[in-house]
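**Q** Sending over a structure as C-alpha cells; questions will come in a sec.
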Amino acid sequence: MTHIATTEHITLSSFLAGAAREERVPAGLIALIDAVADACSSIATAVERGAFDGASGNAHSENVHGEAQKKLDVVSNDIMIGAVGSVRCLRGLASEELDSVQVTGHEHSGGAAEYLLLFDPLDGSSNLEINGVVGSIFSVLATPASGAVVDERHFLQPGVKQVCAGYAIYGATTMFVLTTGHGVDGFTFDSESASFVLTHPQLQIPEDTREFAINMSNERYWEEPVRRYVRECVAGESGPRQTNFNMRWIASMVAEVHRILMRGGVFLYPRDNKHPQLAGRLRLTYEANPMSFIVEQAGGMSTTGQIPIMEVQPEHVHQRVPVILGSKLEVERLLRYHDEAAAA
Ligand code: AHG
Ligand code: MN
Ligand code: MN
C-alpha cells in the first residue's frame, strides 16, 4: 500500500470546512466548489476510461469557436453540468462547449450569496489521442443582483470580480488547484480514499525564471515586442540576456500553468495576425481569467501586453484575449517591451 506524504491528512472537504469556520469562504460557495471537484474526479475517470467506454475520438460536431469537438469534450461538459445542477446557490453557467449561457432553475435563495460558474470542461483536448496531459478550468462570479433574472450580461464581469477559480489537471496524478483569494492550494487525488488531499499548500511562483513557453510555429504572426523577447531568450548566453533559456510547449494551458506554479516560467499566447479578427487564441472568461487569478494569487503576474488580463471588460462570454503570464520579472520585462514598442 502506498501513501502520499502529507504532514497532516487534510482533504479538500475538511480544508473548505475550515475556511467556512474562519469565514473566509461562504457556505454556498463551498457546496459549489465541492460539486466542481466531484465533477473533476469523474472527468479524470472518463478520460482514463475513454477507450473502453467508446468515448475516444471526434464527436463529429463543432463548438461555438468552430473547433471540432472530441467526444470527451462533450462528455466532460455533461459531467460538469450534471454535477453542479443541484447546487442551490448556482444561478447560471457558461462553458466553452455551450453556445450560450444557461440559467439554472433554482429559486432565489433568499439573501444568501448566489453564483455563476464559467468553465472549460476539457482543456488541451488535442492531447487526448497522444495520452498527453489535459485538464479542466473554472471561474466563479457572484451574481450582481440577487433575485434578478440571470442573463448573459451578468457573466460579463472583469476577472478582478472572481470570487474563486481553479483547475484540475489529469496527468500522472490528478490534482485540483484552487484559489478563493487567499493564496493558492493544490490537492492530489488519492484513489484509495477517493478524495482530494492537500499536498501543495500556499503555492508561490518564483519571480525569476529561465524557461518560456510559446507556440513557436506562430512566430511570423507575432507583434514586435514578443518577437524581441523570444529572440533574446533564444540568443542565450551570447545575446543581450547573457544567459541560456529553455523552452516547453505542451499545448495545454492547464499543464503550462501547473508547471509555472511548480517551478516558475512564463507562458505566452499573444495577440497575432494569424486571425486578425480575433484578439488571441485563448478565451477570456473561462481560460485566461481563472488562470490569471491563480497566477496572481501565487505571486506571479498576468497581462495582455497592455493591461492586466483581469481588468479586461468582457463583451461576450466567448471572447478571446492575448495572454502573457507567469514569473513576475519576466512578465514585467515583456510589459516594458510592449511599452517601448508603443512609444517608438
Ligand atoms: P482547448 O483544448 O480547450 O480548445 O484549449 C487548448 C488551448 C490551450 O490550452 C493551449 O495553450 C492552446 O490551445 C494550444 O494551442 P495551439 O494548438 O495553437 O498550440
Ligand atoms: Mn482550453
Ligand atoms: Mn476545452
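Convention: chains lettered A, B, ... in C-alpha cells order; per-chain residue numbering from 1; ligands numbered from 1 as shown.
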Taking 4 positions as the minimum chain separation for residues in the same chain, which residues sit within 12 Å of Glu48 of chain A when counting only C-alpha atoms? Answer as a ChimeraX atom specification.
**A** /A:41-44,52-56,72,128-129,131-134,170-174
**Q** I'd like the neighbourhood of Glu296 of chain A as a PyMOL selection string, where a residue qualifies if any of its atoms comes within 12 Å (using only C-alpha atoms), though same-chain residues fewer than 4 positions away should be ignored.
**A** chain A and resi 159-160+165+179-184+203-207+257+260-261+288-292+300-303+308-310+325-328+331
**Q** Hey, can you check how far atom CA of Gly280 of chain A sits from atom CA of Val323 of chain A?
**A**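 Atom-to-atom, atom CA of Gly280 of chain A and atom CA of Val323 of chain A are spaced 7.7 Å apart.
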**Q** Using only C-alpha atoms and all ligand atoms, which residues of the polymer chains come no farther than 7 Å from ligand 1? I'd like the answer as a tab-separated table (two decimals) with N, CA and C atoms, in the first residue's frame.
**A**
chain	number	residue	atom	x	y	z
A	120	ASP	N	-14.06	25.68	-18.76
A	120	ASP	CA	-13.57	24.95	-19.92
A	120	ASP	C	-13.51	23.49	-19.45
A	122	LEU	N	-12.75	20.60	-20.74
A	122	LEU	CA	-11.55	19.81	-21.04
A	122	LEU	C	-10.60	20.69	-21.85
A	123	ASP	N	-9.51	21.06	-21.20
A	123	ASP	CA	-8.52	21.95	-21.83
A	123	ASP	C	-7.37	21.11	-22.37
A	124	GLY	N	-6.90	21.51	-23.56
A	124	GLY	CA	-5.78	20.78	-24.17
A	124	GLY	C	-6.23	19.48	-24.81
A	125	SER	N	-7.49	19.46	-25.28
A	125	SER	CA	-8.04	18.16	-25.71
A	125	SER	C	-7.36	17.62	-26.98
A	126	SER	N	-6.52	18.43	-27.64
A	126	SER	CA	-5.74	17.87	-28.77
A	126	SER	C	-4.70	16.87	-28.24
A	215	ASN	N	4.01	28.90	-28.65
A	215	ASN	CA	3.95	28.08	-29.87
A	215	ASN	C	4.77	28.79	-30.94
A	251	ALA	N	0.86	22.47	-25.24
A	251	ALA	CA	-0.42	22.70	-25.94
A	251	ALA	C	-1.61	22.41	-25.04
A	252	SER	N	-1.41	22.62	-23.75
A	252	SER	CA	-2.49	22.51	-22.78
A	252	SER	C	-2.20	23.58	-21.73
A	253	MET	N	-3.03	24.63	-21.70
A	253	MET	CA	-2.75	25.75	-20.80
A	253	MET	C	-2.69	25.27	-19.34
A	254	VAL	N	-3.54	24.30	-19.00
A	254	VAL	CA	-3.52	23.77	-17.64
A	254	VAL	C	-2.12	23.23	-17.31
A	281	ARG	N	-5.78	33.56	-29.04
A	281	ARG	CA	-6.26	32.18	-29.15
A	281	ARG	C	-7.14	31.79	-27.96
A	282	LEU	N	-6.75	32.28	-26.79
A	282	LEU	CA	-7.39	31.78	-25.56
A	282	LEU	C	-8.61	32.61	-25.19
**Q** Return the single residue from A:Ile137, A:Leu198, A:Leu268, A:Ile79 that is closest to ligand 3, with distances computed using only C-alpha atoms and all ligand atoms.
**A** A:Ile137
**Q** Write down as a ChimeraX atom specification the residues of segment 35-118 of chain A whose backbone DSSP state falls under strand (DSSP E or B).
**A** /A:58-62,68-70,90-95,102-103,115-118
**Q** Within 12 Å of Phe119 of chain A, counting only C-alpha atoms, which residues qualify if same-chain residues fewer than 4 places away don't, as JSON, numbers by chain?
**A** {"A": [36, 39, 40, 73, 76, 77, 78, 79, 80, 81, 84, 92, 93, 94, 95, 96, 97, 98, 101, 123, 135, 136, 137, 138, 139, 140, 141, 155, 164, 165, 166, 167, 168, 283, 284, 285, 286, 287, 288, 289, 290, 291, 317, 318]}
**Q** Would you please work out which residue, of A:Ala279, A:Val321, A:Val64, A:Val197, is nearest to ligand 3 when using only C-alpha atoms and all ligand atoms?
**A** A:Val64
**Q** From the list A:Val295, A:Val74, A:Val47, A:Met175, which residue is nearest ligand 3 when using only C-alpha atoms and all ligand atoms?
**A** A:Val74
**Q** Applying 12 Å and only C-alpha atoms, which residues near Arg333 of chain A remain after dropping the ones on its own chain fewer than 6 positions away? List them as a PyMOL selection string.
**A** chain A and resi 207-209+225-226+228-230+232-233+241+266+301+303+305+324-327+339-340
**Q** Would you mind exporting the chosen residues as a PDB file, in the first residue's frame, restricted to C-alpha atoms?
**A**
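Output file part.pdb follows:
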ATOM      1  CA  GLU A 207       9.686  35.618  -9.530  1.00  0.00           C
ATOM      2  CA  ASP A 208      12.653  34.810 -11.751  1.00  0.00           C
ATOM      3  CA  THR A 209      12.900  32.094 -14.409  1.00  0.00           C
ATOM      4  CA  PRO A 225       7.636  43.080 -28.575  1.00  0.00           C
ATOM      5  CA  VAL A 226       7.009  39.318 -28.416  1.00  0.00           C
ATOM      6  CA  ARG A 228      12.065  40.700 -29.449  1.00  0.00           C
ATOM      7  CA  TYR A 229      11.518  38.857 -26.161  1.00  0.00           C
ATOM      8  CA  VAL A 230      11.761  35.385 -27.720  1.00  0.00           C
ATOM      9  CA  GLU A 232      16.608  37.487 -26.860  1.00  0.00           C
ATOM     10  CA  CYS A 233      15.746  34.275 -24.960  1.00  0.00           C
ATOM     11  CA  ARG A 241      20.183  38.380 -21.679  1.00  0.00           C
ATOM     12  CA  VAL A 266       6.478  32.422 -18.494  1.00  0.00           C
ATOM     13  CA  MET A 301       1.706  38.344 -12.985  1.00  0.00           C
ATOM     14  CA  THR A 303      -1.194  40.784 -18.717  1.00  0.00           C
ATOM     15  CA  GLY A 305       0.730  43.123 -23.001  1.00  0.00           C
ATOM     16  CA  ILE A 324       1.171  36.611 -21.077  1.00  0.00           C
ATOM     17  CA  LEU A 325       1.555  35.195 -17.556  1.00  0.00           C
ATOM     18  CA  GLY A 326       3.946  33.656 -15.069  1.00  0.00           C
ATOM     19  CA  SER A 327       7.082  34.672 -13.162  1.00  0.00           C
ATOM     20  CA  ASP A 339       5.560  49.942 -23.723  1.00  0.00           C
ATOM     21  CA  GLU A 340       8.805  50.668 -25.585  1.00  0.00           C
TER      22      GLU A 340
END
**Q** So, counting only C-alpha atoms and all ligand atoms, which residue among A:Pro158, A:Pro240, A:Gly265, A:Pro121 is closest to ligand 2?
**A** A:Pro121
**Q** Residues of segment 75-219 of chain A in helix (DSSP H, G or I) according to DSSP, as a count of residues only?
**A** 27
**Q** Under the rule that only C-alpha atoms are counted, which of A:Val87, A:Ala255, A:Met262, A:Leu116 is the nearest residue to Gly186 of chain A?
**A**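 Nearest candidate to Gly186 of chain A out of A:Val87, A:Ala255, A:Met262, A:Leu116: A:Met262.
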**Q** Counting only C-alpha atoms and all ligand atoms, which of A:Val149, A:Arg336, A:Lys70, A:Phe187 gets nearest to ligand 3?
**A**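 Among A:Val149, A:Arg336, A:Lys70, A:Phe187, it is A:Lys70 that comes nearest to ligand 3.
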**Q** How many Å separate atom CA of Tyr115 of chain A from atom CA of Asp34 of chain A?
**A** 13.9 Å
**Q** Just to confirm, what's the straight-line distance from atom CA of Thr304 of chain A to atom CA of Glu211 of chain A in Å (one decimal)?
**A**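 Separation of atom CA of Thr304 of chain A and atom CA of Glu211 of chain A: 19.3 Å.
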**Q** Counting only C-alpha atoms, what is within 12 Å of Pro276 of chain A, bar same-chain residues fewer than 2 positions away, as a list in words?
**A**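 Non-adjacent residues within range: Tyr221, Trp222, Glu223, Pro270, Arg271, Asp272, Asn273, Lys274, Leu278, Ala279, Gly280, Arg281, Arg320 and Pro322 of chain A.
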**Q** Emit the selected residues as a short mmCIF file (atom, residue, chain, number, x, y, z; two decimals), in the first residue's frame, including all heavy atoms.
**A**
data_model
loop_
_atom_site.label_atom_id
_atom_site.label_comp_id
_atom_site.auth_asym_id
_atom_site.auth_seq_id
_atom_site.Cartn_x
_atom_site.Cartn_y
_atom_site.Cartn_z
N TYR A 221 3.63 35.53 -37.18
CA TYR A 221 2.40 36.30 -36.96
C TYR A 221 2.49 37.24 -35.74
O TYR A 221 1.58 38.02 -35.50
CB TYR A 221 1.20 35.37 -36.72
CG TYR A 221 0.95 34.37 -37.83
CD1 TYR A 221 1.09 33.01 -37.60
CD2 TYR A 221 0.53 34.78 -39.09
CE1 TYR A 221 0.83 32.08 -38.60
CE2 TYR A 221 0.27 33.86 -40.10
CZ TYR A 221 0.43 32.51 -39.84
OH TYR A 221 0.18 31.60 -40.81
N TRP A 222 3.56 37.10 -34.94
CA TRP A 222 3.60 37.86 -33.68
C TRP A 222 3.87 39.34 -33.90
O TRP A 222 4.46 39.74 -34.90
CB TRP A 222 4.73 37.35 -32.76
CG TRP A 222 4.61 35.94 -32.33
CD1 TRP A 222 3.50 35.17 -32.26
CD2 TRP A 222 5.70 35.12 -31.90
NE1 TRP A 222 3.82 33.92 -31.80
CE2 TRP A 222 5.17 33.86 -31.59
CE3 TRP A 222 7.07 35.32 -31.75
CZ2 TRP A 222 5.96 32.82 -31.13
CZ3 TRP A 222 7.86 34.29 -31.30
CH2 TRP A 222 7.30 33.04 -30.99
N GLU A 223 3.55 40.12 -32.86
CA GLU A 223 3.91 41.53 -32.84
C GLU A 223 5.37 41.66 -32.35
O GLU A 223 5.90 40.76 -31.68
CB GLU A 223 2.96 42.30 -31.92
CG GLU A 223 1.53 42.29 -32.47
CD GLU A 223 0.51 42.95 -31.55
OE1 GLU A 223 0.75 43.01 -30.33
OE2 GLU A 223 -0.52 43.39 -32.07
N PRO A 270 0.14 35.18 -27.35
CA PRO A 270 -0.08 36.61 -27.55
C PRO A 270 -1.05 36.90 -28.69
O PRO A 270 -1.43 35.99 -29.44
CB PRO A 270 1.32 37.10 -27.91
CG PRO A 270 1.94 35.94 -28.64
CD PRO A 270 1.39 34.70 -27.97
N ARG A 271 -1.43 38.14 -28.80
CA ARG A 271 -2.16 38.60 -29.98
C ARG A 271 -1.27 38.32 -31.20
O ARG A 271 -0.05 38.45 -31.13
CB ARG A 271 -2.38 40.12 -29.87
CG ARG A 271 -3.18 40.73 -31.01
CD ARG A 271 -3.11 42.25 -30.91
NE ARG A 271 -3.62 42.73 -29.63
CZ ARG A 271 -4.92 42.91 -29.36
NH1 ARG A 271 -5.82 42.70 -30.29
NH2 ARG A 271 -5.29 43.34 -28.18
N ASP A 272 -1.85 37.89 -32.30
CA ASP A 272 -1.04 37.71 -33.51
C ASP A 272 -1.91 38.05 -34.72
O ASP A 272 -3.11 38.31 -34.58
CB ASP A 272 -0.44 36.30 -33.59
CG ASP A 272 -1.49 35.20 -33.65
OD1 ASP A 272 -2.54 35.42 -34.29
OD2 ASP A 272 -1.28 34.13 -33.06
N ASN A 273 -1.30 38.09 -35.89
CA ASN A 273 -2.11 38.44 -37.07
C ASN A 273 -2.45 37.21 -37.93
O ASN A 273 -2.73 37.33 -39.11
CB ASN A 273 -1.47 39.56 -37.90
CG ASN A 273 -0.10 39.16 -38.42
OD1 ASN A 273 0.22 37.96 -38.43
ND2 ASN A 273 0.70 40.12 -38.82
N LYS A 274 -2.45 36.03 -37.27
CA LYS A 274 -2.88 34.81 -37.97
C LYS A 274 -4.38 34.90 -38.24
O LYS A 274 -4.85 34.57 -39.33
CB LYS A 274 -2.56 33.60 -37.09
CG LYS A 274 -2.75 32.26 -37.75
CD LYS A 274 -2.29 31.19 -36.76
CE LYS A 274 -2.30 29.80 -37.36
NZ LYS A 274 -1.83 28.80 -36.36
N LEU A 278 -9.53 38.11 -34.42
CA LEU A 278 -9.59 37.62 -33.03
C LEU A 278 -8.47 38.28 -32.23
O LEU A 278 -7.40 38.54 -32.74
CB LEU A 278 -9.41 36.10 -32.99
CG LEU A 278 -10.40 35.27 -33.81
CD1 LEU A 278 -10.00 33.80 -33.79
CD2 LEU A 278 -11.82 35.44 -33.27
N ALA A 279 -8.73 38.51 -30.94
CA ALA A 279 -7.72 39.18 -30.10
C ALA A 279 -6.60 38.22 -29.71
O ALA A 279 -5.55 38.65 -29.24
CB ALA A 279 -8.38 39.75 -28.87
N GLY A 280 -6.79 36.94 -29.88
CA GLY A 280 -5.80 35.95 -29.46
C GLY A 280 -6.42 34.57 -29.60
O GLY A 280 -7.50 34.42 -30.18
N ARG A 281 -5.78 33.56 -29.04
CA ARG A 281 -6.26 32.18 -29.15
C ARG A 281 -7.14 31.79 -27.96
O ARG A 281 -8.12 31.06 -28.09
CB ARG A 281 -5.05 31.25 -29.24
CG ARG A 281 -5.29 29.78 -28.97
CD ARG A 281 -5.76 29.08 -30.22
NE ARG A 281 -5.84 27.65 -30.03
CZ ARG A 281 -6.88 27.01 -29.50
NH1 ARG A 281 -7.92 27.67 -29.06
NH2 ARG A 281 -6.86 25.69 -29.40
N ARG A 320 -12.00 36.27 -27.00
CA ARG A 320 -10.59 35.86 -26.88
C ARG A 320 -9.78 37.01 -26.31
O ARG A 320 -10.20 38.17 -26.37
CB ARG A 320 -10.03 35.53 -28.27
CG ARG A 320 -10.97 34.73 -29.14
CD ARG A 320 -10.60 33.29 -29.15
NE ARG A 320 -11.39 32.57 -30.13
CZ ARG A 320 -10.97 31.47 -30.74
NH1 ARG A 320 -9.78 30.98 -30.47
NH2 ARG A 320 -11.74 30.86 -31.59
N PRO A 322 -5.33 38.20 -25.60
CA PRO A 322 -3.90 37.83 -25.59
C PRO A 322 -3.50 37.49 -24.16
O PRO A 322 -3.96 38.14 -23.22
CB PRO A 322 -3.19 39.12 -26.05
CG PRO A 322 -4.25 40.07 -26.48
CD PRO A 322 -5.54 39.64 -25.85
#
